[in-house]
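Have a look at the structure below, then the notes.
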Amino acid sequence: MSLRFIGIDPDTKTADSPTVWVNQEKKEIVFQGWKPDTELEAECAAFEVPGHAVGIPDDEAVIRIPARMVQMIREACDAVERADDR
């Protein structure tokens, strides 16, 4: 796997570490974030999108990333797009 580290939450403590990477091989953005509380997860699971099943598939997860990491997420998006140019 060719993970490229993009950044970590600048307010991170020793245990908290929301992080952004790019998997250049698979052209994917990879997040490590906080688990949602049961209320948020239930709200996400109940959200209806036409043409899609309601719920969270077993192979997917809801995570939370702080808004202060937006610039890192943009950088990850740019890196994935540049991977297409190779």
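Each chain in the structure tokens gets a letter, A, B and so on, in the order shown; residues start at 1 in every chain, and ligands are counted from 1 in the order they appear.
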- Query: Which neighbours of range 41-48 of chain A fall inside 9 Å, counting only C-alpha atoms, when residues of the same chain fewer than 5 positions from it are skipped, and could you give them as a ChimeraX atom specification?
  - Reply: /A:35-36,53-56,61-63
Neighbours of Val80 in chain A within 8 Å (only C-alpha atoms; same-chain residues fewer than 6 positions away dropped), as a ChimeraX atom specification?
/A:22-24,27-29
Writer output for current selection, N, CA, C and O atoms, as a CSV table (one decimal), in the first residue's frame:
```csv
chain,number,residue,atom,x,y,z
A,22,VAL,N,-3.5,9.7,1.9
A,22,VAL,CA,-4.0,9.4,0.6
A,22,VAL,C,-3.3,8.0,0.2
A,22,VAL,O,-2.1,7.8,0.4
A,23,ASN,N,-4.1,7.1,-0.2
A,23,ASN,CA,-3.6,5.9,-0.8
A,23,ASN,C,-3.5,6.1,-2.3
A,23,ASN,O,-4.4,6.2,-3.0
A,24,GLN,N,-2.2,6.4,-2.7
A,24,GLN,CA,-2.0,6.8,-4.1
A,24,GLN,C,-2.2,5.6,-5.1
A,24,GLN,O,-2.6,5.9,-6.2
A,27,LYS,N,-6.0,5.4,-5.2
A,27,LYS,CA,-6.6,6.7,-5.4
A,27,LYS,C,-7.8,6.9,-4.5
A,27,LYS,O,-8.9,7.2,-4.9
A,28,GLU,N,-7.5,6.7,-3.2
A,28,GLU,CA,-8.5,6.9,-2.1
A,28,GLU,C,-8.0,7.8,-1.1
A,28,GLU,O,-6.8,7.9,-0.8
A,29,ILE,N,-8.9,8.5,-0.4
A,29,ILE,CA,-8.6,9.3,0.7
A,29,ILE,C,-8.9,8.5,2.0
A,29,ILE,O,-10.0,7.9,2.0
```
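When DSSP reads the backbone of this structure, the residues of chain A it assigns to helix (DSSP H, G or I) are Thr38, Glu39, Leu40, Glu41, Ala42, Glu43, Cys44, Ala45, Ala46, Ala67, Arg68, Met69, Val70, Gln71, Met72, Ile73, Arg74, Glu75, Ala76, Cys77, Asp78, Ala79, Val80, Glu81, Arg82, Ala83 and Asp84 of chain A.
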Here CA of Ala76 in chain A and CA of Lys13 in chain A stand apart by 22.2 Å
| message | Give me, as a VMD selection string, all polymer residues having an atom no more than 12 Å from Ala67 in chain A, counting only C-alpha atoms and skipping those fewer than 6 positions away in the same chain. | response | chain A and resid 9 to 11 18 33 73 to 74
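Here the question is which of A:Ile8, A:Ala79, A:Leu40, A:Val30 gets nearest to Pro66 in chain A using only C-alpha atoms, and that residue is A:Ile8.
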Quiz prompt | DSSP-assigned strand (DSSP E or B) among chain A, expressed as a PyMOL selection string | solution = chain A and resi 3-8+19-23+28-32+34+64
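Using only C-alpha atoms, the smallest distance between any of A:His52, A:Trp21, A:Ile65, A:Asp16 and Asp78 in chain A comes from A:Trp21.
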Min atom-atom distance to Phe31 in chain A from the set A:Pro57, A:Arg82, A:Arg68, A:Ser17, counting only C-alpha atoms, belongs to A:Ser17
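For the pair CA of Glu60 in chain A and CA of Ser2 in chain A, the interatomic distance is 21.3 Å.
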